[in-house]
Each structure stands twice: as structure tokens, then as C-alpha cells.
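A.B. asks: Before I ask anything, here is the structure I am working with.
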Amino acid sequence: MSLPRAALLRELGLWPQWRLKAPSSAAPPPMSAGESRAQTIARMDWDELTRAILQCDACPLHLTRTQGVPGVGDRNADWLIVGEAPGAEEDAKGEPFVGQAGKLLDAMLAAIDLARGRNVYIANVLKSRPPGNRNPAPEEIAACLPYLQRQIELIQPRIIFAVGRFAAQALLDTEEPIGRLRGRVHHYRGIPVVVSYHPAYLLRNPAEKAKSWEDLCLARRVVAQGAPDAGAGP
Ligand code: URA
């Protein structure tokens with residue numbers, strides 16, 4: 001029986017040294033001596049980052065995904081929407097939020113005169129699909145987070161709108177539930193963060209859409225006023 005590639009490399013004692021091979025034009029930059037993987041990612045430009053995500057094998061999700069899903073939209077956006085992880089449709093298309101939840105997200109953005117690609121960038125915490133759409137595992141989040149951190153660094157958005165508990169908790173490094181995190185402004189490395197329900201949750205619980213609308217309005221107010229401590233309410 002043949003071993004998966006990562007297991008085989010580990011078996012041969014070539015893991016993770018093989019990633020230090022000489023760069024080709026299509027490879028992400030190599031790690032410098034003494035540099036951690038996160039430090040390497042933290043100095044990537046957009047092209048390097050995209051390639052690194054597409055070629056990433058830092059966790060076992062690369063064995064089951066169709067492709068990595070880096071993100072989509074305006075790289076100079078004021079708004080960064082952060083979701084959880086690609087689902088089946090995103091995995092097939094290579095773009096975040098293209099399924100039913102994505103349609104609702106697009107409608108929410110349209111309600112405040114935004115659209116994907118127009119002053120909005122959309123990304124997920126995980127860049128690879130967890131099989132069967134299961135929840136992200138903590139070690140998968142830890143392995144993938146440097147990519148999102150670099151995206152945030154490159155975009156420098158005026159607001160991060162984190163939808164769902166995995167996005168909120170990963171960015172804010174907390175275990176507090178969404179119900180306690182939403183309705184106020186948090187910060188990630190000085191950038192305001194507003195937390196709200198995940199669109200997939202809203203599809204199952206339409207009564208919560210009113211709260212989500214309040215959160216969107218709060219985020220819009222933060223962008224408009226540049227007010228880091230804007231209060232809750234539409
Ligand atoms: N849910 C997410 O959190 N992200 C996607 O890209 C799709 C569904």
C-alpha cells in the first residue's frame with residue numbers, strides 16, 4: 001500500500017527539509033536558516049503568498065482538498081470579511097463563499113452598498129476544506145493562521161468583519177462565544193474587528209438576521225467614522 005506524500009517524506013526523514021529545496025520561479029521563497037515557517041510567510045508578497053497557500057502541505061487537509069482557497073477581492077479593500085473554511089463548492093471553485101452561505105453574504109454586502117471585489121476582500125481562516133465540512137481542528141487553525149495574518153498585513157483593512165465563531169476566536173485569540181463577542185468593537189493588531197454570526201448559521205436561524213444587520217451597521221459606522229470604540233446599534 002502506498003503512503004500519502006507527507007507520510008512518505010516523514011518516513012524517509014525528508015520532512016520538512018524537502019521544503020528548503022532551491023526555489024523555482026513557481027515556488028514560494030525558501031525559509032532562511034533559523035527562520036520559522038510563520039516568519040517566512042510574514043515576509044511574503046501576494047504572489048508568494050498565493051503560491052504558498054496553493055502548495056501548502058503543513059497539515060493533512062492538503063491530502064483531501066481539491067485545491068487551496070486563498071481569498072478573493074480587492075487587495076486594497078477597506079473591508080476584510082473573514083469566514084471559517086472552504087466548503088465543497090469553494091473547494092471545487094477555489095473561491096471563498098460561493099455556495100448558499102456566500103449568496104447570503106453577497107446580499108448582506110449589497111445591503112450596505114458593497115460587493116465582493118469592490119472595496120471588499122474575502123478570506124477564510126482555513127485555506128483548505130476540512131473533509132465533510134467538519135469543524136476546523138485547533139492544529140489546522142494554528143498551521144493556517146499565518147496566511148490570514150499575512151493577508152491582513154498586506155491589505156491593512158479599516159475593518160475586519162469576522163463571521164462565525166472560528167473566525168472570531170482565531171483572530172481575537174479567545175474562546176468566548178459569538179453571542180458575547182458581537183455588538184462591540186474588538187481589535188486585531190490595531191485594526192477594528194466586528195464579530196457576527198456566520199451566514200450559514202443565519203440560513204438556519206433567520207430570526208438572528210436582525211442582529212447580524214446591527215453588526216454590519218456597527219462595522220459600517222467604524223469605517224465611516226474611523227471610530228475604534230463606536231458603540232453598538234444600527
Ligand atoms: N463558509 C465559510 O466560512 N467560508 C466559505 O468560504 C464558505 C462557507
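Ordering of the C-alpha cells sets the chain letters (A, B, ...); residue numbers start at 1 within each chain; ligands are numbered from 1 in the order shown.
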With a distance cut-off of 7 Å and only C-alpha atoms, select the neighbouring residues of Ile81 in chain A, excluding the residue or stretch itself and same-chain residues fewer than 3 positions from it, and output the selection as a list in words.
C.D. replies: Tyr121, Ile122, Ala123, Ile160, Phe161 and Ala162 of chain A
A.B. asks: I need the residues of range 18-120 of chain A that end up classed as alpha helix (DSSP H) by DSSP on the backbone, written out as JSON, numbers by chain.
C.D. replies: {"A": [37, 38, 39, 40, 41, 42, 46, 47, 48, 49, 50, 51, 52, 53, 54, 55, 88, 89, 90, 91, 92, 93, 100, 101, 102, 103, 104, 105, 106, 107, 108, 109, 110, 111]}
A.B. asks: Write out as CSV the residues of chain A that have any atom within 6 Å of an atom of ligand 1, one row each with the nearest atom pair and its distance in Å to one decimal, counting only C-alpha atoms and all ligand atoms, sorted by chain and then rising number.
C.D. replies:
residue,atom,partner,partner_atom_place_in_ligand_line,distance
A:Gly83,CA,ligand 1,3 (O),3.8
A:Glu84,CA,ligand 1,3 (O),3.4
A:Ala85,CA,ligand 1,4 (N),4.5
A:Pro86,CA,ligand 1,6 (O),4.1
A:Gly87,CA,ligand 1,7 (C),5.1
A:Glu90,CA,ligand 1,6 (O),5.7
A:Pro96,CA,ligand 1,6 (O),3.4
A:Phe97,CA,ligand 1,6 (O),3.7
A:Ala101,CA,ligand 1,8 (C),5.9
A:Asn124,CA,ligand 1,4 (N),5.7
A.B. asks: Please determine, counting only C-alpha atoms, which residue among A:Asp215, A:Glu153, A:Glu48, A:Glu176 has the shortest atom-to-atom distance to Val193 in chain A.
C.D. replies: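 Closest to Val193 in chain A of all the choices is A:Asp215.
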A.B. asks: Quick one: which range 200-230 of chain A residues come within 10 Å of range 74-80 of chain A, and what is the nearest atom pair for each with the distance in Å to one decimal, counting only C-alpha atoms, rows ordered by chain and ascending number, as JSON lines?
C.D. replies:
{"residue": "A:Ala219", "atom": "CA", "partner": "A:Trp79", "partner_atom": "CA", "distance": 9.0}
{"residue": "A:Arg220", "atom": "CA", "partner": "A:Trp79", "partner_atom": "CA", "distance": 9.2}
{"residue": "A:Val223", "atom": "CA", "partner": "A:Asp78", "partner_atom": "CA", "distance": 7.5}
A.B. asks: Quick one: contact table of range 143-169 of chain A to range 181-185 of chain A, 10 Å max, nearest atom pair and distance in Å to one decimal per residue, counting only C-alpha atoms, chain and number order, as a tab-separated table?
C.D. replies:
residue	atom	partner	partner_atom	distance
A:Ile159	CA	A:Val185	CA	9.7
A:Ile160	CA	A:Val185	CA	10.0
A:Ala162	CA	A:Arg182	CA	9.6
A:Val163	CA	A:Arg182	CA	9.8
A:Arg165	CA	A:Leu181	CA	9.1
A:Ala168	CA	A:Leu181	CA	8.0
A:Gln169	CA	A:Leu181	CA	9.0
A.B. asks: Just N, CA and C atoms for this one: save the residues we selected as a PDB file, in the first residue's frame.
C.D. replies:
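Output file out_35.pdb is given in full below:
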ATOM      1  N   ILE A 159     -11.582  47.692   8.501  1.00  0.00           N
ATOM      2  CA  ILE A 159     -12.448  46.892   9.370  1.00  0.00           C
ATOM      3  C   ILE A 159     -12.283  45.407   9.008  1.00  0.00           C
ATOM      4  N   ILE A 160     -12.262  44.586  10.018  1.00  0.00           N
ATOM      5  CA  ILE A 160     -12.339  43.137   9.792  1.00  0.00           C
ATOM      6  C   ILE A 160     -13.703  42.702  10.314  1.00  0.00           C
ATOM      7  N   ALA A 162     -15.642  39.569  11.097  1.00  0.00           N
ATOM      8  CA  ALA A 162     -15.388  38.142  11.316  1.00  0.00           C
ATOM      9  C   ALA A 162     -16.712  37.422  11.491  1.00  0.00           C
ATOM     10  N   VAL A 163     -17.013  36.490  10.590  1.00  0.00           N
ATOM     11  CA  VAL A 163     -18.296  35.791  10.667  1.00  0.00           C
ATOM     12  C   VAL A 163     -18.112  34.364  11.177  1.00  0.00           C
ATOM     13  N   ARG A 165     -17.843  31.624  14.746  1.00  0.00           N
ATOM     14  CA  ARG A 165     -17.009  31.543  15.943  1.00  0.00           C
ATOM     15  C   ARG A 165     -15.555  31.238  15.634  1.00  0.00           C
ATOM     16  N   ALA A 168     -13.863  34.515  14.539  1.00  0.00           N
ATOM     17  CA  ALA A 168     -13.778  35.455  15.663  1.00  0.00           C
ATOM     18  C   ALA A 168     -12.761  34.986  16.695  1.00  0.00           C
ATOM     19  N   GLN A 169     -12.869  33.729  17.055  1.00  0.00           N
ATOM     20  CA  GLN A 169     -11.990  33.214  18.130  1.00  0.00           C
ATOM     21  C   GLN A 169     -10.535  33.137  17.678  1.00  0.00           C
TER      22      GLN A 169
END
A.B. asks: Taking only C-alpha atoms into account, which of A:Val69, A:Met31, A:Leu49, A:Val125 comes nearest Ala92 in chain A?
C.D. replies: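 Once distances to Ala92 in chain A are computed over only C-alpha atoms, the minimum belongs to A:Val69.
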A.B. asks: Check the DSSP output for the backbone and give back, as number ranges by chain, the residues of range 42-190 of chain A in strand (DSSP E).
C.D. replies: A: 72-73, 79-83, 120-124, 159-163, 185-188
A.B. asks: Pick out the residues sitting within 9 Å of Tyr147 in chain A, and hand them over as a PyMOL selection string; count only C-alpha atoms, and ignore anything fewer than 3 positions along from it in its own chain.
C.D. replies: chain A and resi 38+41-42+49+52-53+70+125-127+143-144+150-152
A.B. asks: With only C-alpha atoms as the atoms that count, which of A:Ala167, A:Leu114, A:Leu216, A:Leu154 lies nearest to Asp47 in chain A?
C.D. replies: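 Using only C-alpha atoms, Asp47 in chain A sits closest to A:Leu154.
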A.B. asks: I want to know what sits within 12 Å of Arg37 in chain A, based on only C-alpha atoms, with residues of the same chain fewer than 5 positions away left out; could you give that as number ranges by chain?
C.D. replies: A: 16-17, 19-20, 28-32, 42-44, 52, 56-58, 142-147
A.B. asks: Nearest to Gly71 in chain A among A:Arg116, A:Arg221, A:His186, A:Arg134, with distances taken over only C-alpha atoms: which residue is it?
C.D. replies: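 Ranked by minimum distance to Gly71 in chain A, first place goes to A:Arg116.
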A.B. asks: Enter the distance from CA of Phe166 in chain A to CA of Arg129 in chain A, in Å, rounded to one decimal.
C.D. replies: 13.9 Å
A.B. asks: Check the smallest atom-to-atom distance from each of A:Ala27, A:Leu104, A:Ala33, A:Ala110 to Arg204 in chain A using only C-alpha atoms, then report the winner.
C.D. replies: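 That would be A:Leu104, the residue with the smallest distance to Arg204 in chain A.
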A.B. asks: Measuring atom to atom with only C-alpha atoms, identify which of A:Gly164, A:Pro157, A:Leu218, A:Ala224 is nearest to Asn135 in chain A.
C.D. replies: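 Nearest candidate to Asn135 in chain A out of A:Gly164, A:Pro157, A:Leu218, A:Ala224: A:Gly164.
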